[in-house]
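Pasting structure_19.txt here (compact mmCIF, C-alpha atoms and all ligand atoms):
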```txt
# COMPACT_ATOMS: atom_id res chain seq x y z
CA MET A 228 85.09 64.43 192.87
CA THR A 229 86.70 63.45 196.14
CA LYS A 230 86.11 65.27 199.41
CA ARG A 231 89.65 66.58 199.35
CA SER A 232 89.40 68.13 195.89
CA ILE A 233 86.15 69.83 196.89
CA SER A 234 87.78 71.43 199.91
CA VAL A 235 90.74 72.62 197.79
CA LEU A 236 88.33 74.08 195.29
CA SER A 237 86.29 75.90 197.93
CA SER A 238 89.36 77.37 199.57
CA LEU A 239 90.50 78.57 196.15
CA LEU A 240 87.13 80.21 195.68
CA LEU A 241 87.42 81.86 199.10
CA MET A 242 90.88 83.18 198.25
CA THR A 243 89.62 84.57 194.96
CA ALA A 244 86.78 86.32 196.74
CA ALA A 245 89.16 87.84 199.29
CA CYS A 246 91.56 89.11 196.60
CA GLY A 247 88.67 90.38 194.49
CA GLY A 248 87.61 92.40 197.46
CA SER A 249 83.86 91.95 197.45
CA GLY A 250 82.82 91.82 201.06
CA SER A 251 86.37 92.47 202.34
CA ASP A 252 88.10 95.63 203.58
CA GLU A 253 90.70 95.53 200.79
CA PRO A 254 90.37 98.42 198.31
CA VAL A 255 89.01 97.12 195.04
CA SER A 256 90.68 99.75 192.87
CA THR A 257 93.76 101.94 193.16
CA ALA A 258 92.23 104.39 190.68
CA VAL A 259 91.29 107.93 191.69
CA ALA A 260 88.66 109.86 189.72
CA TYR A 261 88.66 113.66 189.89
CA GLU A 262 85.25 114.88 188.81
CA GLY A 263 83.21 118.05 188.50
CA ALA A 264 85.98 120.47 187.51
CA THR A 265 86.36 122.55 184.39
CA VAL A 266 89.20 120.71 182.65
CA ILE A 267 91.75 122.47 180.46
CA THR A 268 93.60 119.61 178.79
CA GLY A 269 96.42 121.78 177.41
CA ASP A 270 95.69 121.12 173.73
CA GLY A 271 94.60 124.71 173.10
CA GLY A 272 90.96 123.74 172.67
CA PRO A 273 87.95 124.85 174.75
CA PRO A 274 87.80 123.53 178.33
CA LEU A 275 85.61 120.58 179.27
CA GLY A 276 82.82 121.63 181.64
CA GLY A 277 82.32 118.98 184.29
CA GLY A 278 85.26 116.91 183.10
CA VAL A 279 86.56 113.74 184.69
CA ILE A 280 90.19 112.68 185.05
CA VAL A 281 90.95 109.12 186.09
CA VAL A 282 94.40 108.42 187.53
CA ASP A 283 95.89 105.06 188.39
CA ASP A 284 99.42 104.44 189.62
CA GLY A 285 100.55 107.98 188.77
CA VAL A 286 99.32 107.86 185.21
CA ILE A 287 96.18 109.30 183.60
CA THR A 288 94.04 106.42 182.36
CA ASP A 289 91.09 108.42 181.05
CA VAL A 290 89.98 112.04 180.67
CA GLY A 291 86.90 113.59 179.14
CA LEU A 292 83.36 114.77 179.69
CA ALA A 293 81.54 112.88 182.44
CA ALA A 294 79.27 111.20 179.89
CA ASN A 295 82.26 109.74 178.03
CA VAL A 296 84.34 108.50 180.96
CA THR A 297 83.63 105.33 182.90
CA ILE A 298 84.88 105.58 186.45
CA PRO A 299 86.37 102.20 187.45
CA GLU A 300 84.35 100.34 190.06
CA GLY A 301 85.69 100.97 193.52
CA ALA A 302 87.73 104.02 192.51
CA THR A 303 88.20 106.82 195.01
CA VAL A 304 86.17 109.78 193.77
CA ILE A 305 87.29 113.34 194.51
CA ASP A 306 84.78 116.10 193.87
CA LEU A 307 86.35 119.21 192.32
CA THR A 308 83.15 121.07 191.51
CA GLY A 309 83.88 124.78 191.08
CA LYS A 310 87.59 124.19 190.44
CA THR A 311 89.56 124.30 187.21
CA VAL A 312 92.16 121.67 186.37
CA MET A 313 95.03 122.22 183.96
CA PRO A 314 98.37 120.47 183.30
CA THR A 315 101.43 121.57 185.25
CA LEU A 316 103.70 123.94 183.31
CA LEU A 317 106.88 122.99 181.48
CA ASP A 318 109.57 125.65 181.33
CA LEU A 319 112.32 124.84 178.84
CA HIS A 320 114.56 127.67 180.02
CA GLY A 321 115.63 127.97 183.62
CA HIS A 322 118.83 127.88 185.67
CA VAL A 323 119.20 125.82 188.83
CA GLY A 324 121.73 126.00 191.62
CA PHE A 325 122.61 129.70 191.75
CA VAL A 326 119.97 131.40 193.87
CA ASP A 327 119.75 130.69 197.60
CA GLY A 328 117.73 133.30 199.45
CA MET A 329 119.58 136.60 199.12
CA SER A 330 122.64 134.94 197.62
CA PHE A 331 123.22 134.50 193.87
CA ASP A 332 126.44 132.56 193.48
CA SER A 333 127.89 129.49 191.79
CA ALA A 334 128.85 128.29 195.29
CA ASN A 335 125.14 127.52 195.78
CA TYR A 336 125.31 124.76 193.19
CA THR A 337 124.60 121.89 195.60
CA ARG A 338 122.09 119.05 195.72
CA GLU A 339 120.37 120.63 198.70
CA VAL A 340 119.84 123.98 196.96
CA ILE A 341 118.80 122.47 193.64
CA THR A 342 116.27 120.05 195.12
CA ASP A 343 114.81 122.91 197.18
CA GLN A 344 114.46 124.91 193.96
CA LEU A 345 112.70 121.96 192.30
CA ASP A 346 110.27 122.05 195.23
CA ARG A 347 109.69 125.77 194.63
CA TYR A 348 108.91 125.12 190.99
CA ALA A 349 106.53 122.31 191.96
CA TYR A 350 104.88 124.49 194.63
CA HIS A 351 103.86 127.01 191.97
CA GLY A 352 102.71 124.35 189.51
CA VAL A 353 105.75 123.95 187.27
CA GLY A 354 106.18 120.22 186.64
CA VAL A 355 109.27 120.27 184.41
CA ILE A 356 112.22 122.65 184.30
CA VAL A 357 115.03 122.50 181.76
CA SER A 358 118.22 123.97 183.14
CA LEU A 359 119.61 125.58 180.04
CA GLY A 360 123.35 125.26 179.72
CA THR A 361 124.63 126.19 183.18
CA ASP A 362 125.08 122.83 184.92
CA PRO A 363 128.82 122.45 185.45
CA GLY A 364 128.98 118.82 186.55
CA GLU A 365 127.21 115.51 186.91
CA LEU A 366 124.85 116.61 189.69
CA ALA A 367 121.92 117.54 187.44
CA PHE A 368 122.06 114.13 185.77
CA GLU A 369 122.16 112.40 189.16
CA ILE A 370 119.09 114.30 190.35
CA LYS A 371 117.30 113.57 187.07
CA ALA A 372 118.04 109.86 187.46
CA ASP A 373 116.79 109.89 191.06
CA GLN A 374 113.55 111.50 189.91
CA GLU A 375 113.12 108.87 187.22
CA ALA A 376 113.67 106.20 189.85
CA GLY A 377 111.05 107.85 192.07
CA THR A 378 113.42 108.63 194.95
CA GLN A 379 113.51 112.41 194.47
CA GLY A 380 110.49 114.72 194.28
CA GLY A 381 109.90 118.22 192.96
CA ALA A 382 109.60 119.49 189.41
CA ARG A 383 111.33 117.11 186.99
CA LEU A 384 114.77 118.41 186.15
CA HIS A 385 116.09 118.23 182.60
CA THR A 386 119.38 119.74 181.59
CA ALA A 387 121.40 121.01 178.65
CA PHE A 388 124.57 120.42 180.74
CA ARG A 389 127.14 123.09 179.82
CA GLY A 390 126.54 125.25 176.78
CA ILE A 391 129.06 126.66 174.30
CA ALA A 392 130.13 130.26 173.72
CA ARG A 393 133.27 132.19 172.85
CA PRO A 394 135.64 131.94 175.86
CA ASP A 395 134.15 133.81 178.83
CA ALA A 396 131.22 135.05 176.71
CA GLY A 397 128.35 132.75 177.74
CA PRO A 398 125.72 133.55 180.40
CA GLY A 399 125.15 137.21 181.27
CA ALA A 400 125.71 136.88 185.02
CA PRO A 401 129.43 136.71 185.90
CA THR A 402 128.89 133.96 188.50
CA MET A 403 127.25 131.74 185.84
CA ARG A 404 129.65 132.56 183.04
CA PRO A 405 132.35 129.92 183.74
CA THR A 406 129.81 127.11 183.23
CA ALA A 407 129.93 127.59 179.45
CA LEU A 408 132.54 125.75 177.43
CA GLY A 409 134.66 128.25 175.50
CA ALA A 410 135.46 127.72 171.83
CA SER A 411 137.70 129.84 169.58
CA THR A 412 138.33 127.39 166.76
CA GLU A 413 136.22 124.95 164.81
CA GLU A 414 138.19 122.09 166.34
CA GLU A 415 137.45 123.29 169.89
CA ALA A 416 133.80 123.85 169.00
CA ARG A 417 133.35 120.32 167.64
CA ALA A 418 135.16 118.82 170.63
CA ALA A 419 132.86 120.74 172.98
CA VAL A 420 129.81 119.41 171.13
CA ARG A 421 131.07 115.84 171.47
CA GLU A 422 131.69 116.36 175.19
CA ILE A 423 128.10 117.55 175.68
CA ALA A 424 126.54 114.96 173.36
CA ALA A 425 128.28 112.16 175.31
CA THR A 426 126.15 113.06 178.34
CA ASP A 427 122.43 112.60 178.91
CA ALA A 428 121.80 116.28 177.98
CA ASP A 429 118.40 117.04 176.47
CA PHE A 430 119.65 119.96 174.36
CA LEU A 431 122.83 121.82 173.49
CA LYS A 432 122.83 125.54 174.28
CA ILE A 433 124.86 128.17 172.49
CA TRP A 434 125.14 131.89 173.21
CA VAL A 435 125.19 134.08 170.12
CA ASP A 436 125.40 137.53 171.68
CA ASP A 437 128.03 140.23 172.12
CA ARG A 438 126.30 141.60 175.27
CA GLY A 439 126.15 145.11 173.84
CA GLY A 440 129.68 144.89 172.44
CA SER A 441 131.25 143.81 175.73
CA VAL A 442 132.19 140.25 174.68
CA GLU A 443 133.08 138.42 171.50
CA LYS A 444 130.07 136.88 169.76
CA LEU A 445 130.00 133.27 168.64
CA GLY A 446 130.06 133.68 164.86
CA SER A 447 128.66 131.51 162.08
CA ASN A 448 132.17 130.15 161.43
CA LEU A 449 131.76 128.39 164.79
CA TYR A 450 128.02 127.82 165.18
CA ARG A 451 127.66 126.20 161.77
CA PRO A 452 130.07 123.36 162.66
CA ILE A 453 128.53 123.22 166.14
CA ILE A 454 125.06 122.62 164.71
CA GLU A 455 126.41 120.15 162.16
CA GLU A 456 128.34 118.20 164.79
CA ALA A 457 125.38 118.30 167.21
CA HIS A 458 123.00 116.88 164.65
CA ALA A 459 125.52 114.18 163.71
CA ASN A 460 125.53 113.30 167.43
CA ASP A 461 121.74 113.40 167.68
CA ILE A 462 121.38 116.44 169.93
CA ARG A 463 119.34 119.58 169.22
CA VAL A 464 120.75 123.09 169.45
CA ILE A 465 119.04 125.98 171.24
CA ALA A 466 120.53 129.41 170.62
CA HIS A 467 120.43 132.38 172.94
CA ILE A 468 120.06 135.33 170.56
CA PHE A 469 119.75 139.09 170.71
CA TYR A 470 119.96 140.28 167.10
CA ALA A 471 117.42 139.45 164.37
CA GLU A 472 120.24 139.16 161.84
CA ASP A 473 121.82 136.33 163.87
CA ALA A 474 118.41 134.65 164.12
CA ARG A 475 118.14 134.70 160.34
CA GLU A 476 121.57 133.11 159.87
CA LEU A 477 121.01 130.55 162.62
CA VAL A 478 117.78 129.36 160.99
CA GLU A 479 119.68 128.95 157.77
CA ALA A 480 122.37 127.00 159.63
CA GLY A 481 119.76 124.56 160.95
CA VAL A 482 119.31 125.67 164.57
CA ASP A 483 116.48 123.85 166.38
CA GLY A 484 115.26 126.46 168.85
CA PHE A 485 115.64 130.02 170.10
CA ALA A 486 115.85 130.92 173.77
CA HIS A 487 114.74 134.53 173.17
CA LEU A 488 112.99 136.71 170.62
CA ALA A 489 115.12 139.16 168.66
CA ARG A 490 115.52 142.19 170.87
CA ASP A 491 117.09 144.73 168.54
CA VAL A 492 114.34 145.06 165.94
CA GLU A 493 110.91 143.65 165.22
CA MET A 494 111.16 140.25 163.53
CA ASP A 495 110.13 140.76 159.91
CA ASP A 496 107.83 138.55 157.83
CA GLU A 497 110.71 136.87 156.06
CA LEU A 498 112.37 135.79 159.31
CA VAL A 499 109.04 134.66 160.76
CA ALA A 500 108.32 132.60 157.63
CA ALA A 501 111.79 131.01 157.78
CA ILE A 502 111.26 130.07 161.44
CA VAL A 503 107.93 128.43 160.61
CA GLU A 504 109.20 126.69 157.49
CA ASN A 505 112.21 125.22 159.29
CA ASP A 506 110.14 124.33 162.36
CA VAL A 507 112.38 126.21 164.77
CA PHE A 508 110.74 126.43 168.20
CA VAL A 509 110.83 129.79 169.94
CA MET A 510 110.81 130.65 173.64
CA PRO A 511 109.56 134.22 173.94
CA ASN A 512 111.35 134.87 177.25
CA LEU A 513 109.45 138.10 177.82
CA ALA A 514 109.50 138.81 181.54
CA VAL A 515 113.21 139.57 181.89
CA SER A 516 113.00 142.16 179.11
CA GLU A 517 109.74 143.51 180.48
CA ARG A 518 111.48 144.76 183.61
CA ALA A 519 112.83 147.67 181.58
CA ARG A 520 109.42 149.24 181.00
CA ASN A 521 108.75 149.78 184.70
CA ALA A 522 109.75 152.89 186.59
CA SER A 523 108.27 151.46 189.79
CA PRO A 524 107.68 147.92 191.13
CA PRO A 525 105.15 146.05 188.95
CA ALA A 526 101.96 144.58 190.42
CA TRP A 527 103.29 141.01 190.59
CA VAL A 528 105.72 142.02 193.34
CA ASP A 529 102.77 142.51 195.72
CA LEU A 530 100.71 139.42 194.90
CA PRO A 531 100.23 137.05 197.88
CA GLN A 532 101.55 134.01 195.97
CA LEU A 533 105.06 135.47 195.75
CA ALA A 534 105.24 135.70 199.54
CA GLU A 535 104.30 132.02 199.80
CA SER A 536 107.66 130.86 198.49
CA GLN A 537 109.90 133.90 199.07
CA SER A 538 111.09 135.75 202.14
CA ALA A 539 110.19 139.39 202.83
CA GLU A 540 113.88 140.19 202.40
CA VAL A 541 113.97 138.82 198.86
CA ILE A 542 110.74 140.59 197.90
CA ASP A 543 112.11 143.81 199.31
CA ARG A 544 115.21 143.55 197.20
CA ILE A 545 113.11 142.96 194.09
CA ARG A 546 111.15 146.09 194.97
CA GLN A 547 114.37 148.03 195.42
CA SER A 548 115.65 146.93 192.01
CA TYR A 549 112.99 149.20 190.50
CA GLU A 550 114.17 152.27 192.38
CA ASP A 551 116.23 154.90 190.59
CA ARG A 552 114.56 154.21 187.27
CA SER A 553 113.69 157.24 185.21
CA GLU A 554 110.40 157.68 183.38
CA GLU A 555 112.43 158.27 180.21
CA ALA A 556 114.23 154.94 180.49
CA ALA A 557 110.93 153.20 181.22
CA ALA A 558 109.34 154.79 178.14
CA GLU A 559 112.22 153.52 176.04
CA GLY A 560 111.95 150.06 177.60
CA SER A 561 108.24 150.15 176.97
CA GLU A 562 108.72 150.82 173.28
CA SER A 563 111.29 148.07 172.92
CA PHE A 564 109.07 145.62 174.78
CA ALA A 565 106.04 146.47 172.61
CA MET A 566 108.20 145.56 169.62
CA MET A 567 108.90 142.13 171.14
CA LEU A 568 105.19 141.57 171.71
CA ARG A 569 104.50 142.40 168.04
CA SER A 570 107.16 139.87 166.97
CA LEU A 571 105.58 137.25 169.20
CA LYS A 572 102.08 137.83 167.82
CA LYS A 573 103.43 137.58 164.27
CA LEU A 574 105.08 134.25 165.10
CA ALA A 575 101.87 132.96 166.66
CA ASP A 576 99.74 134.05 163.72
CA ALA A 577 102.15 132.39 161.30
CA GLY A 578 101.90 129.11 163.20
CA ALA A 579 105.38 129.00 164.75
CA THR A 580 105.99 126.49 167.54
CA LEU A 581 106.07 128.62 170.68
CA VAL A 582 107.14 127.15 174.01
CA LEU A 583 107.47 128.55 177.52
CA GLY A 584 110.98 129.67 178.39
CA ALA A 585 111.00 132.06 181.33
CA ASP A 586 114.71 132.16 182.26
CA THR A 587 113.91 131.74 185.95
CA GLY A 588 116.67 131.11 188.46
CA ILE A 589 118.66 134.19 187.60
CA GLN A 590 118.64 136.83 190.31
CA ASP A 591 115.20 138.20 191.25
CA HIS A 592 113.52 136.05 188.61
CA ILE A 593 111.62 133.74 190.89
CA GLN A 594 111.53 130.03 190.09
CA GLY A 595 108.00 128.71 189.62
CA TYR A 596 106.42 132.13 190.12
CA MET A 597 107.66 134.11 187.11
CA GLU A 598 106.47 131.40 184.72
CA HIS A 599 102.97 132.69 185.49
CA TYR A 600 103.93 136.25 184.64
CA GLU A 601 105.38 134.98 181.37
CA LEU A 602 101.90 133.62 180.59
CA GLU A 603 100.36 137.01 181.34
CA LEU A 604 102.77 138.71 178.95
CA ILE A 605 102.11 136.13 176.23
CA VAL A 606 98.41 136.97 176.51
CA GLU A 607 99.23 140.70 176.45
CA SER A 608 100.64 140.14 172.95
CA GLY A 609 97.14 139.19 171.76
CA ILE A 610 97.47 135.41 172.07
CA SER A 611 94.40 133.74 173.65
CA PRO A 612 94.57 132.28 177.18
CA ALA A 613 93.89 128.77 175.79
CA LYS A 614 96.77 129.12 173.33
CA ALA A 615 99.04 130.59 176.02
CA ILE A 616 98.37 127.57 178.23
CA GLU A 617 99.16 125.26 175.31
CA ILE A 618 102.46 127.16 174.88
CA ALA A 619 103.26 126.44 178.52
CA THR A 620 102.09 122.81 178.64
CA SER A 621 101.58 120.46 175.69
CA ALA A 622 103.78 122.42 173.25
CA PRO A 623 106.97 122.25 175.36
CA ALA A 624 106.14 118.64 176.30
CA ALA A 625 106.10 117.75 172.61
CA VAL A 626 109.42 119.53 172.01
CA LEU A 627 111.01 117.82 175.01
CA GLY A 628 109.41 114.47 174.23
CA ALA A 629 108.01 114.14 177.76
CA ASN A 630 104.79 112.30 178.59
CA THR A 631 103.28 115.20 180.52
CA GLY A 632 101.85 118.65 179.73
CA LEU A 633 98.69 117.27 178.15
CA LEU A 634 95.88 115.75 180.17
CA ALA A 635 95.48 112.59 178.13
CA ALA A 636 95.47 108.85 178.79
CA GLY A 637 98.99 107.45 179.12
CA ASN A 638 100.58 110.67 180.37
CA ARG A 639 101.91 111.31 183.87
CA ALA A 640 99.21 112.65 186.16
CA ASP A 641 100.85 116.08 186.47
CA PHE A 642 98.18 118.70 187.01
CA ILE A 643 97.17 121.81 188.92
CA VAL A 644 93.83 122.37 190.65
CA LEU A 645 92.93 126.07 190.44
CA ASN A 646 90.43 128.04 192.46
CA SER A 647 89.59 130.28 189.51
CA ASN A 648 89.47 129.80 185.76
CA PRO A 649 92.39 131.21 183.72
CA MET A 650 90.17 131.47 180.64
CA TYR A 651 88.63 134.51 182.38
CA GLY A 652 91.96 136.01 183.37
CA ILE A 653 95.27 134.31 182.69
CA GLY A 654 96.60 135.53 186.08
CA ASN A 655 94.31 132.90 187.63
CA THR A 656 96.93 130.22 186.86
CA ARG A 657 98.57 131.48 190.09
CA ASP A 658 95.43 130.83 192.12
CA ILE A 659 96.48 127.29 192.99
CA GLU A 660 94.61 125.02 195.38
CA SER A 661 96.80 121.97 194.86
CA VAL A 662 99.45 120.51 192.58
CA TYR A 663 99.74 116.85 191.62
CA LEU A 664 102.90 115.29 190.20
CA SER A 665 102.63 111.68 189.01
CA GLY A 666 99.31 111.54 190.85
CA GLU A 667 100.78 112.58 194.22
CA ALA A 668 99.73 115.85 195.84
CA VAL A 669 102.65 118.19 196.46
CA ASP A 670 102.77 118.98 200.20
CA ARG A 671 102.44 122.74 199.71
CA GLU A 672 101.64 123.43 203.34
CA GLY A 673 104.72 121.50 204.43
CA LEU A 674 106.87 123.42 201.98
CA ARG A 675 105.59 126.79 203.20
CA ALA A 676 106.38 125.69 206.75
CA ARG A 677 109.90 124.71 205.66
CA TRP A 678 110.39 128.10 204.05
CA GLY A 679 108.99 129.88 207.09
CA ASN A 680 106.10 131.39 205.14
ZN ZN B 701 118.98 131.85 180.55
```

Take the structure in the file and give it back as structure tokens.
Ligand SMILES: [Zn+2]
Amino acid sequence: MTKRSISVLSSLLLMTAACGGSGSDEPVSTAVAYEGATVITGDGGPPLGGGVIVVDDGVITDVGLAANVTIPEGATVIDLTGKTVMPTLLDLHGHVGFVDGMSFDSANYTREVITDQLDRYAYHGVGVIVSLGTDPGELAFEIKADQEAGTQGGARLHTAFRGIARPDAGPGAPTMRPTALGASTEEEARAAVREIAATDADFLKIWVDDRGGSVEKLGSNLYRPIIEEAHANDIRVIAHIFYAEDARELVEAGVDGFAHLARDVEMDDELVAAIVENDVFVMPNLAVSERARNASPPAWVDLPQLAESQSAEVIDRIRQSYEDRSEEAAAEGSESFAMMLRSLKKLADAGATLVLGADTGIQDHIQGYMEHYELELIVESGISPAKAIEIATSAPAAVLGANTGLLAAGNRADFIVLNSNPMYGIGNTRDIESVYLSGEAVDREGLRARWGN
């Protein structure tokens, strides 16, 4: 060996040592290990006491009991002893771009308003929101693409673009109604499906409801070809329903999901069995209906977490919306709501696929916050907290086909650090210390400052 080749070799060795990090200031690992917490993975099973989650480059690389997880050498270790970790929530039914403070109007459908709403979802621990059928243009797709490219933060936005209803018979709120495509004939219905399927929409939404006889209901003569055409174009159909009889016919027609429970009667065993057999997923959507059983503002209006993302003015209006309600009307609402809870428990017991759908983003139905109340109501039906969390995390992730919602290797590091354990009270999912999306902590303090709270 010549002198020269020795010196080349030694400088190579030096370089290797420097890159390897031993004895240098360079970090040796980009991995972060979160240890000591009670870990709820989202699979519906019992939590892991003293679990470890290893995250690298925004992705979970390992999760399990401390004894089963090897923390990479040089990883940053964060001690979460006393905390509980669970996945961020996925809500498959929301509406973006209508609420802005005290205003509820289609004029609010701007990038600025929508991205602020995605921050509100993220603040409260919702990692994915599906805007269900009320996105009039390309904006939702643009925001979604920016999030995929990593240039836009907040809860990940998915969209069903515009849904289909009879003309002027879609969403309940008048300001949202024009977003639906109207169809009166089979030809129009099929054309509308093709228009939606040509986009990057995750689902196709239809409204099958006569709004108490005030509008014309999309009938089976139209929704059958819609479902057929949608499936031929590789897109799944989610139906807004009110009546159990429509649910029955929609299952028969091949619908993929329901955005509500039946609200006219209790869902009978036959309907429940058909839903399970045809693997139709169901979003209970309880909290909007639950309003009717209250003659005075419910307890959630006064919880401190609501005031973290909402102004006093907005909270005051919510409180006022419960004024002038009679005890009689509340008793009636209470009976009707109890019926919905019985339907939900039946579906759960029969093994139906249940997924969170909270309908947030309509007026006074607070984005990111009401998802937690939805969980409380799911548990009120008799479903366990572990199962309720699965309904809000891994179950909707599986339906959406998103690599989140379950704390498992290979998934996005989307999780919430809680100060108290929701297994001992599902309301504890609100008791958030921090939220991580793709391994990055959401700047909750900064957001509160921006909102003036
Ligand atoms: Zn809705």

>> Let me see if you get this right: every residue at most 10 Å from ligand ZN 701 (chain B), counting all atoms listed in the file, written as a list in words.
In response: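 Residues lying within 10 Å of ligand ZN 701 (chain B): Leu319, His320, Gly321, His322, Ser358, Leu359, Gly360, Thr361, Gly397, Pro398, Gly399, Ala400, Met403, Lys432, Trp434, His467, Ala486, His487, Asn512, Val515, Gly584, Ala585, Asp586, Thr587, Gly588 and Ile589 of chain A.
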
> What lies within 9 Å of Arg675 (chain A) using all atoms listed in the file, ignoring chain neighbours under 6 positions off, as a list of chain:residue names?
Replying inline: A:Tyr350, A:Glu535, A:Ser536

>> Please list as a list in words every residue within 10 Å of Lys573 (chain A), counting all atoms listed in the file and excluding residues in the same chain fewer than 4 positions away.
In response: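 In the requested format, the answer is Glu493, Met494, Asp495, Asp496, Val499, Ala500, Met567, Leu568, Arg569, Ala577, Gly578, Ala579, Ser608 and Gly609 of chain A.
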
>> Would you pick out the contacts of Asp483 (chain A) at 8 Å or less, using all atoms listed in the file, so that residues sharing its chain but fewer than 3 positions from it are not included, and give the list as number ranges by chain?
In response: A: 463-465, 478, 506-508

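Compared by their closest atoms to Thr620 (chain A), and using all atoms listed in the file, the residues A:Leu408, A:Ala419, A:Ala636, A:Leu583 rank with A:Leu583 nearest.
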
> What does the distance between CA of Ile453 (chain A) and CA of Leu571 (chain A) come to in Å, to one decimal place?
Replying inline: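 It comes out at 27.1 Å.
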
> Hey, can you check how far CA of Asn638 (chain A) sits from CA of Val482 (chain A)?
Replying inline: 28.7 Å

>> From the options A:Ala264, A:Val503, A:Ala629, A:Ile616, which residue's atoms come nearest to Lys310 (chain A), counting only C-alpha atoms?
In response: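 So, comparing all the options, the nearest one is A:Ala264.
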
> Looking at A:Ile618, A:Met650, A:Leu317, A:Ala640, which one is nearest to Thr288 (chain A), with distances taken over all atoms listed in the file?
Replying inline: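 With all atoms listed in the file as the atom set, the closest residue is A:Ala640.
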
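Across the model, the gap from CA of Ala294 (chain A) to CA of Ser256 (chain A) is 20.7 Å.
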
Mind giving me the axis-aligned box for region 439-451 of chain A with 6 Å on every side, centre plus edges in Å to one decimal, as lines of an AutoDock Vina configuration file?
```
center_x = 129.6
center_y = 135.7
center_z = 168.6
size_x = 18.9
size_y = 30.9
size_z = 26.3
```

Would you list the contacts of Glu554 (chain A) as a compact mmCIF listing (two decimals) with C-alpha atoms, keeping the file's coordinate frame, taking every protein, DNA or RNA residue within 9 Å and counting all atoms listed in the file, but skipping same-chain residues closer than 2 positions in sequence?
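Writing done, so here's selection-v7.txt:
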```
# COMPACT_ATOMS: atom_id res chain seq x y z
CA ARG A 520 109.42 149.24 181.00
CA ASN A 521 108.75 149.78 184.70
CA ALA A 522 109.75 152.89 186.59
CA ARG A 552 114.56 154.21 187.27
CA ALA A 556 114.23 154.94 180.49
CA ALA A 557 110.93 153.20 181.22
CA ALA A 558 109.34 154.79 178.14
CA GLU A 559 112.22 153.52 176.04
```

> Taking into account only C-alpha atoms, which residue in the set A:Thr308, A:Gln594, A:Ser516, A:Ala424 is nearest to Gly324 (chain A)?
Replying inline: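 For Gly324 (chain A), the nearest of the candidates is A:Gln594.
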
>> Just want the 12 Å neighbourhood of Val662 (chain A), counted on all atoms listed in the file, with same-chain residues fewer than 6 positions away dropped. Output as a PyMOL selection string.
In response: chain A and resi 311-316+346-354+381-382+640-646+656+668-672

> So which one's closest to Arg451 (chain A), A:Val281, A:Thr631, A:Asp576, A:Ala466? Using only C-alpha atoms, please.
Replying inline: A:Ala466

>> Using only C-alpha atoms, can you tell me which of A:Ile267, A:Val255, A:Val355, A:Ala425 comes closest to Asn630 (chain A)?
In response: A:Val355

> Hey, can you pull every residue with an atom no more than 8 Å from (84.0, 121.6, 183.1), using all atoms listed in the file, and send it as JSON, numbers by chain?
Replying inline: {"A": [263, 264, 265, 266, 274, 275, 276, 277, 278, 292, 311]}

Please rebuild region 337-347 of chain A with N, CA and C atoms and return the result as an mmCIF file, in the coordinates of the input.
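File written: rebuild-v7.cif
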```
data_model
loop_
_atom_site.group_PDB
_atom_site.id
_atom_site.type_symbol
_atom_site.label_atom_id
_atom_site.label_comp_id
_atom_site.auth_asym_id
_atom_site.auth_seq_id
_atom_site.Cartn_x
_atom_site.Cartn_y
_atom_site.Cartn_z
ATOM 1 N N THR A 337 124.537 123.120 194.805
ATOM 2 C CA THR A 337 124.600 121.890 195.600
ATOM 3 C C THR A 337 123.283 121.137 195.442
ATOM 4 N N ARG A 338 123.313 119.865 195.790
ATOM 5 C CA ARG A 338 122.090 119.050 195.720
ATOM 6 C C ARG A 338 120.983 119.655 196.592
ATOM 7 N N GLU A 339 121.356 120.092 197.777
ATOM 8 C CA GLU A 339 120.370 120.630 198.700
ATOM 9 C C GLU A 339 119.656 121.853 198.105
ATOM 10 N N VAL A 340 120.431 122.760 197.534
ATOM 11 C CA VAL A 340 119.840 123.980 196.960
ATOM 12 C C VAL A 340 118.999 123.636 195.727
ATOM 13 N N ILE A 341 119.528 122.784 194.877
ATOM 14 C CA ILE A 341 118.800 122.470 193.640
ATOM 15 C C ILE A 341 117.488 121.752 193.935
ATOM 16 N N THR A 342 117.521 120.771 194.844
ATOM 17 C CA THR A 342 116.270 120.050 195.120
ATOM 18 C C THR A 342 115.252 120.968 195.808
ATOM 19 N N ASP A 343 115.731 121.915 196.599
ATOM 20 C CA ASP A 343 114.810 122.910 197.180
ATOM 21 C C ASP A 343 114.192 123.769 196.071
ATOM 22 N N GLN A 344 114.988 124.118 195.085
ATOM 23 C CA GLN A 344 114.460 124.910 193.960
ATOM 24 C C GLN A 344 113.423 124.098 193.171
ATOM 25 N N LEU A 345 113.673 122.809 193.014
ATOM 26 C CA LEU A 345 112.700 121.960 192.300
ATOM 27 C C LEU A 345 111.387 121.916 193.071
ATOM 28 N N ASP A 346 111.482 121.978 194.411
ATOM 29 C CA ASP A 346 110.270 122.050 195.230
ATOM 30 C C ASP A 346 109.544 123.390 195.023
ATOM 31 N N ARG A 347 110.306 124.451 194.860
ATOM 32 C CA ARG A 347 109.690 125.770 194.630
ATOM 33 C C ARG A 347 108.962 125.794 193.288
#
```
